[in-house]
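Note sheet for the following structure.
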Amino acid sequence: MGAKPQITIVGAGNLAGALAVSLHRAGYAIEQIIARSGGAPLRRARSLARNVGSRAVVSSRASIESEVVWFCVPDSQIASAARSIATATNWKAKVAIHSSGALRSDALVALRARGAEVASAHPLMTFVPGSRPLLAGVPFVIEGDKHAVRAAKRIVKNLRGDPFSVQKKDKAAYHAWATFASPLLTTLLATAERVASAAGVQPRAARRRMLPIVAQTIANYAALGASVSFSGPFVRGDAQTIRIHLQALRRVPAAREAYVALARAALTYLPARNRKALEKILKG
Ligand SMILES: NC(=O)c1ccc[n+]([C@@H]2O[C@H](COP(=O)([O-])OP(=O)(O)OC[C@H]3O[C@@H](n4cnc5c(N)ncnc54)[C@H](OP(=O)(O)O)[C@@H]3O)[C@@H](O)[C@H]2O)c1
């Protein structure tokens, strides 16, 4: 395989957009973006293809020359997307990669059966509409067949990403970690907005007003670690404060449940005074 092999991307969603732009900037030729059908999916693929000097095709018409095919489709679609282009090329000496954090590289078994080497390469980063972060500095978990892993690592390094390994058997736990780091962190902030409403502060204002404390908390965590960054009633052991929080949160039941679950985690993993009393209040 050449130093910068040609790459075909399957899908044109959030990850595909960021990946295609980073690959293009790093000097990779993107042979084509494959859409599952005509209409809106093909239009989305065309729009991405235009940005990166490529072309868009539907899977039923795809004919692949690239040495690397990178699947950027929802986890539930990886196996069927692989099957849909199984006859689009001779897979011997080709590498197929998917980007699910939870699924193993084996999700591409249909292509392995046709001679491809397969890998999974999951960027530990969040991609949403309206935000296309570059992949420089982004950690990527990579596992799979030997040559496919080597090819995926080389690509990630050329994107100035940071490849690392997690065993296949640990991928589900790995992805649960990733889910805490972004989607559940966002959930926590959305929940905080609801609690702000209970205090008469509307969600938009809550977002603006809580940004300084959120940003400082992340900065403290980065510089000092979790234990030193942990302030508030748990580390001080203020039982009465926690009791009145729980009373106030009766008006926001889902937020109350989240508070109790996180408070229990705090008492398990973080410094706290008056631990026994706090545990008792959380049970009540
Ligand atoms: N978003 C993230 O933050 C993130 C981070 C790390 C890893 N990932 C991984 O990246 C992968 C893609 O996630 P995403 O967030 O980019 O999803 P997404 O935004 O929903 O995009 C999925 C894309 O796949 C296309 N697609 C669906 N089924 C297809 C098929 N059978 N054949 C061809 N294309 C098909 C969709 O096209 P149409 O809907 O237009 O048909 C859409 O363009 C997943 O494995 C995910 O776990 C995502």
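Here's how to read the names in the structure tokens: chain A, B, ... by the order shown, residue numbers from 1 in each chain, ligand numbers from 1 in the order shown.
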Enumerate as a compact mmCIF listing (two decimals) with N, CA, C and O atoms, in the first residue's frame the residues within 9 Å of ligand 1, counting only C-alpha atoms and all ligand atoms.
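Output below, filename selection24.txt:
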# COMPACT_ATOMS: atom_id res chain seq x y z
N VAL A 10 -17.82 5.76 2.83
CA VAL A 10 -19.22 5.33 2.74
C VAL A 10 -20.01 6.14 3.77
O VAL A 10 -19.73 6.07 4.98
N GLY A 11 -21.00 6.92 3.28
CA GLY A 11 -21.77 7.79 4.18
C GLY A 11 -21.30 9.23 4.06
O GLY A 11 -20.16 9.48 3.65
N ALA A 12 -22.20 10.16 4.39
CA ALA A 12 -21.86 11.59 4.27
C ALA A 12 -22.42 12.36 5.46
O ALA A 12 -22.87 13.50 5.33
N GLY A 13 -22.38 11.74 6.63
CA GLY A 13 -22.94 12.37 7.82
C GLY A 13 -21.88 13.15 8.61
O GLY A 13 -20.91 13.67 8.03
N ASN A 14 -22.07 13.17 9.92
CA ASN A 14 -21.23 14.01 10.79
C ASN A 14 -19.75 13.60 10.77
O ASN A 14 -18.87 14.43 10.58
N LEU A 15 -19.49 12.31 10.97
CA LEU A 15 -18.07 11.89 10.96
C LEU A 15 -17.50 11.98 9.56
O LEU A 15 -16.38 12.47 9.37
N ALA A 16 -18.26 11.52 8.55
CA ALA A 16 -17.74 11.54 7.17
C ALA A 16 -17.29 12.95 6.79
O ALA A 16 -16.24 13.12 6.17
N GLY A 17 -18.08 13.96 7.17
CA GLY A 17 -17.74 15.34 6.83
C GLY A 17 -16.40 15.73 7.41
O GLY A 17 -15.52 16.26 6.71
N ALA A 18 -16.20 15.46 8.69
CA ALA A 18 -14.94 15.85 9.35
C ALA A 18 -13.77 15.04 8.80
O ALA A 18 -12.68 15.57 8.54
N ILE A 33 -17.54 9.29 -2.56
CA ILE A 33 -18.36 9.20 -1.35
C ILE A 33 -19.57 8.36 -1.76
O ILE A 33 -20.28 8.72 -2.70
N ILE A 34 -19.81 7.28 -1.03
CA ILE A 34 -20.89 6.38 -1.41
C ILE A 34 -22.14 6.66 -0.55
O ILE A 34 -22.06 6.69 0.68
N ALA A 35 -23.28 6.86 -1.25
CA ALA A 35 -24.56 7.08 -0.57
C ALA A 35 -25.41 5.82 -0.71
O ALA A 35 -25.23 5.06 -1.67
N ARG A 36 -26.33 5.64 0.23
CA ARG A 36 -27.09 4.39 0.16
C ARG A 36 -28.14 4.40 -0.95
O ARG A 36 -28.55 3.36 -1.44
N SER A 37 -28.60 5.61 -1.35
CA SER A 37 -29.62 5.70 -2.39
C SER A 37 -29.56 7.08 -3.04
O SER A 37 -28.84 7.97 -2.55
N GLY A 38 -30.35 7.26 -4.10
CA GLY A 38 -30.47 8.58 -4.71
C GLY A 38 -31.30 9.49 -3.81
O GLY A 38 -31.54 9.16 -2.65
N GLY A 39 -31.70 10.65 -4.36
CA GLY A 39 -32.50 11.58 -3.55
C GLY A 39 -31.62 12.28 -2.52
O GLY A 39 -30.45 12.57 -2.77
N ALA A 40 -32.20 12.47 -1.32
CA ALA A 40 -31.49 13.27 -0.29
C ALA A 40 -30.13 12.68 0.09
O ALA A 40 -29.14 13.42 0.20
N PRO A 41 -30.00 11.34 0.30
CA PRO A 41 -28.68 10.82 0.66
C PRO A 41 -27.62 11.13 -0.40
O PRO A 41 -26.49 11.53 -0.06
N LEU A 42 -27.99 10.99 -1.69
CA LEU A 42 -27.01 11.28 -2.75
C LEU A 42 -26.69 12.78 -2.78
O LEU A 42 -25.53 13.17 -2.97
N ARG A 43 -27.70 13.62 -2.54
CA ARG A 43 -27.43 15.08 -2.53
C ARG A 43 -26.45 15.43 -1.41
O ARG A 43 -25.53 16.22 -1.59
N ARG A 44 -26.64 14.79 -0.24
CA ARG A 44 -25.71 15.07 0.87
C ARG A 44 -24.30 14.59 0.51
O ARG A 44 -23.31 15.28 0.79
N ALA A 45 -24.22 13.43 -0.15
CA ALA A 45 -22.90 12.92 -0.53
C ALA A 45 -22.26 13.84 -1.57
O ALA A 45 -21.05 14.10 -1.52
N VAL A 58 -24.16 6.16 -5.77
CA VAL A 58 -25.00 5.33 -4.89
C VAL A 58 -24.38 3.93 -4.82
O VAL A 58 -23.71 3.49 -5.75
N SER A 59 -24.63 3.26 -3.70
CA SER A 59 -23.91 2.00 -3.44
C SER A 59 -24.17 0.95 -4.52
O SER A 59 -23.26 0.22 -4.90
N PHE A 71 -15.97 3.17 6.34
CA PHE A 71 -17.42 3.24 6.58
C PHE A 71 -17.72 4.25 7.68
O PHE A 71 -17.26 4.10 8.81
N CYS A 72 -18.50 5.27 7.32
CA CYS A 72 -18.92 6.29 8.29
C CYS A 72 -20.44 6.28 8.36
O CYS A 72 -21.08 7.30 8.12
N VAL A 73 -21.00 5.14 8.63
CA VAL A 73 -22.46 4.97 8.69
C VAL A 73 -22.83 4.60 10.13
O VAL A 73 -21.97 4.18 10.90
N PRO A 74 -24.11 4.74 10.51
CA PRO A 74 -24.48 4.38 11.88
C PRO A 74 -24.09 2.93 12.19
O PRO A 74 -24.09 2.08 11.28
N ASP A 75 -23.79 2.66 13.45
CA ASP A 75 -23.33 1.32 13.84
C ASP A 75 -24.27 0.24 13.29
O ASP A 75 -23.82 -0.80 12.80
N SER A 76 -25.58 0.50 13.36
CA SER A 76 -26.56 -0.51 12.95
C SER A 76 -26.52 -0.78 11.45
O SER A 76 -27.10 -1.76 10.97
N GLN A 77 -25.86 0.11 10.69
CA GLN A 77 -25.84 -0.02 9.22
C GLN A 77 -24.51 -0.56 8.69
O GLN A 77 -24.37 -0.76 7.47
N ILE A 78 -23.52 -0.75 9.58
CA ILE A 78 -22.18 -1.10 9.09
C ILE A 78 -22.21 -2.42 8.31
O ILE A 78 -21.72 -2.51 7.18
N ALA A 79 -22.82 -3.45 8.91
CA ALA A 79 -22.81 -4.77 8.27
C ALA A 79 -23.58 -4.72 6.95
O ALA A 79 -23.11 -5.24 5.92
N SER A 80 -24.74 -4.04 6.92
CA SER A 80 -25.52 -4.04 5.67
C SER A 80 -24.87 -3.13 4.62
O SER A 80 -24.90 -3.45 3.43
N ALA A 81 -24.25 -2.04 5.04
CA ALA A 81 -23.54 -1.18 4.07
C ALA A 81 -22.38 -1.97 3.46
O ALA A 81 -22.11 -1.86 2.25
N ALA A 82 -21.71 -2.79 4.28
CA ALA A 82 -20.60 -3.61 3.75
C ALA A 82 -21.14 -4.61 2.72
O ALA A 82 -20.57 -4.77 1.64
N ARG A 83 -22.26 -5.23 3.07
CA ARG A 83 -22.85 -6.20 2.12
C ARG A 83 -23.25 -5.50 0.82
O ARG A 83 -23.11 -6.05 -0.27
N SER A 84 -23.75 -4.26 0.94
CA SER A 84 -24.28 -3.58 -0.26
C SER A 84 -23.17 -3.24 -1.26
O SER A 84 -23.46 -3.00 -2.42
N ILE A 85 -21.90 -3.20 -0.81
CA ILE A 85 -20.82 -2.93 -1.79
C ILE A 85 -19.84 -4.11 -1.88
O ILE A 85 -18.73 -3.95 -2.37
N HIS A 98 -14.19 0.61 9.81
CA HIS A 98 -15.37 1.32 10.29
C HIS A 98 -14.98 2.13 11.52
O HIS A 98 -13.91 1.93 12.10
N SER A 99 -15.88 3.02 11.94
CA SER A 99 -15.52 3.95 13.01
C SER A 99 -16.40 3.82 14.24
O SER A 99 -16.49 4.76 15.04
N SER A 100 -17.04 2.67 14.40
CA SER A 100 -17.83 2.49 15.62
C SER A 100 -16.88 2.31 16.81
O SER A 100 -15.89 1.58 16.73
N GLY A 101 -17.23 2.94 17.91
CA GLY A 101 -16.44 2.73 19.14
C GLY A 101 -16.85 1.47 19.86
O GLY A 101 -16.06 0.86 20.58
N ALA A 102 -18.10 1.05 19.68
CA ALA A 102 -18.61 -0.09 20.44
C ALA A 102 -18.43 -1.41 19.70
O ALA A 102 -18.17 -2.44 20.31
N LEU A 103 -18.59 -1.38 18.36
CA LEU A 103 -18.53 -2.63 17.59
C LEU A 103 -17.09 -2.98 17.27
O LEU A 103 -16.25 -2.11 17.04
N ALA A 121 -11.56 2.02 13.58
CA ALA A 121 -10.76 3.19 14.00
C ALA A 121 -11.75 4.23 14.53
O ALA A 121 -12.47 4.86 13.75
N HIS A 122 -11.80 4.36 15.85
CA HIS A 122 -12.80 5.24 16.47
C HIS A 122 -12.15 6.51 17.01
O HIS A 122 -11.31 6.45 17.92
N PRO A 123 -12.53 7.68 16.46
CA PRO A 123 -11.99 8.92 17.01
C PRO A 123 -12.69 9.27 18.32
O PRO A 123 -13.93 9.28 18.37
N LEU A 124 -11.91 9.53 19.35
CA LEU A 124 -12.49 9.92 20.64
C LEU A 124 -12.76 11.43 20.56
O LEU A 124 -12.04 12.26 21.14
N MET A 125 -13.80 11.76 19.82
CA MET A 125 -14.15 13.16 19.52
C MET A 125 -15.63 13.20 19.17
O MET A 125 -16.21 12.18 18.83
N THR A 126 -16.22 14.38 19.29
CA THR A 126 -17.65 14.52 18.97
C THR A 126 -17.82 15.33 17.67
O THR A 126 -17.15 16.35 17.48
N PHE A 127 -18.70 14.82 16.80
CA PHE A 127 -18.97 15.46 15.51
C PHE A 127 -20.48 15.68 15.42
O PHE A 127 -21.25 14.71 15.51
N VAL A 128 -20.88 16.93 15.30
CA VAL A 128 -22.31 17.25 15.23
C VAL A 128 -22.53 18.22 14.07
O VAL A 128 -21.56 18.85 13.61
N PRO A 129 -23.77 18.36 13.60
CA PRO A 129 -24.00 19.31 12.51
C PRO A 129 -23.53 20.70 12.92
O PRO A 129 -23.75 21.13 14.05
N ALA A 178 -16.29 6.71 26.45
CA ALA A 178 -16.44 7.80 25.48
C ALA A 178 -17.81 8.46 25.63
O ALA A 178 -17.95 9.67 25.46
N SER A 182 -18.63 12.67 26.38
CA SER A 182 -19.32 13.70 25.59
C SER A 182 -20.85 13.62 25.67
O SER A 182 -21.46 14.52 26.23
N PRO A 183 -21.51 12.57 25.18
CA PRO A 183 -22.99 12.63 25.17
C PRO A 183 -23.58 12.78 26.57
O PRO A 183 -24.53 13.55 26.76
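If you measure from each of A:Val201, A:Ala88, A:Leu111, A:Ala263 to A:Ile242 using only C-alpha atoms, the closest one turns out to be A:Ala263.
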>> Counting only C-alpha atoms, which residue out of A:Ala173, A:Ala261, A:Ala119, A:Ala181 sits closest to A:Asp106?
In response: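 Nearest to A:Asp106: A:Ala119.
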> atom CA of A:Ala29 and atom CA of A:Glu65, how far apart in Å?
Replying inline: 11.7 Å
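For A:Lys168, the list of residues within 10 Å, based on only C-alpha atoms and with local chain neighbours fewer than 6 positions off taken out, reads Ala102, Leu103, Arg104, Ser105, Asp106, Ser120, Ile142, Glu143, Gly144 and Tyr174 of chain A.
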> By how many Å are atom CA of A:Arg154 and atom CA of A:Gly2 apart?
Replying inline: 10.6 Å
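Using only C-alpha atoms, the nearest neighbour of A:Ala26 within the list A:Ser63, A:Lys157, A:Gly130, A:Ala93 is A:Lys157.
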> Among stretch 144-222 of chain A, which ones does DSSP place in helix (DSSP H, G or I), written as number ranges by chain?
Replying inline: A: 146-158, 168-181, 183-198, 203-222
> Among stretch 125-265 of chain A, which ones does DSSP place in strand (DSSP E), written as a list of chain:residue names?
Replying inline: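 Answer for stretch 125-265 of chain A restricted to strand (DSSP E) is A:Pro139, A:Phe140, A:Val141, A:Ile142, A:Glu143, A:Gly144, A:Asp162, A:Pro163, A:Phe164.
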Same residues, N, CA and C atoms, output as a PDB file, in the first residue's frame:
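Output contents, as saved in selection_16.pdb:
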ATOM      1  N   PRO A 139      -7.374  11.434  19.812  1.00  0.00           N
ATOM      2  CA  PRO A 139      -7.032  10.017  20.010  1.00  0.00           C
ATOM      3  C   PRO A 139      -7.953   9.128  19.177  1.00  0.00           C
ATOM      4  N   PHE A 140      -7.399   8.070  18.596  1.00  0.00           N
ATOM      5  CA  PHE A 140      -8.176   7.078  17.817  1.00  0.00           C
ATOM      6  C   PHE A 140      -7.896   5.706  18.398  1.00  0.00           C
ATOM      7  N   VAL A 141      -8.938   4.983  18.778  1.00  0.00           N
ATOM      8  CA  VAL A 141      -8.770   3.576  19.158  1.00  0.00           C
ATOM      9  C   VAL A 141      -8.814   2.726  17.902  1.00  0.00           C
ATOM     10  N   ILE A 142      -7.789   1.910  17.717  1.00  0.00           N
ATOM     11  CA  ILE A 142      -7.709   1.097  16.497  1.00  0.00           C
ATOM     12  C   ILE A 142      -7.524  -0.373  16.873  1.00  0.00           C
ATOM     13  N   GLU A 143      -8.306  -1.254  16.279  1.00  0.00           N
ATOM     14  CA  GLU A 143      -8.099  -2.705  16.448  1.00  0.00           C
ATOM     15  C   GLU A 143      -8.535  -3.407  15.165  1.00  0.00           C
ATOM     16  N   GLY A 144      -8.028  -4.616  14.980  1.00  0.00           N
ATOM     17  CA  GLY A 144      -8.440  -5.388  13.798  1.00  0.00           C
ATOM     18  C   GLY A 144      -7.319  -6.237  13.255  1.00  0.00           C
ATOM     19  N   ASP A 162      -3.826  10.616  17.192  1.00  0.00           N
ATOM     20  CA  ASP A 162      -3.029   9.916  18.211  1.00  0.00           C
ATOM     21  C   ASP A 162      -3.587   8.490  18.388  1.00  0.00           C
ATOM     22  N   PRO A 163      -3.079   7.509  17.602  1.00  0.00           N
ATOM     23  CA  PRO A 163      -3.644   6.156  17.671  1.00  0.00           C
ATOM     24  C   PRO A 163      -3.297   5.442  18.973  1.00  0.00           C
ATOM     25  N   PHE A 164      -4.240   4.683  19.518  1.00  0.00           N
ATOM     26  CA  PHE A 164      -3.927   3.820  20.656  1.00  0.00           C
ATOM     27  C   PHE A 164      -4.784   2.560  20.586  1.00  0.00           C
TER      28      PHE A 164
END
>> Rounded to one decimal, what separation in Å do you get between atom CA of A:Ala205 and atom CA of A:Ala266?
In response: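 Between these atoms lies a distance of 27.6 Å.
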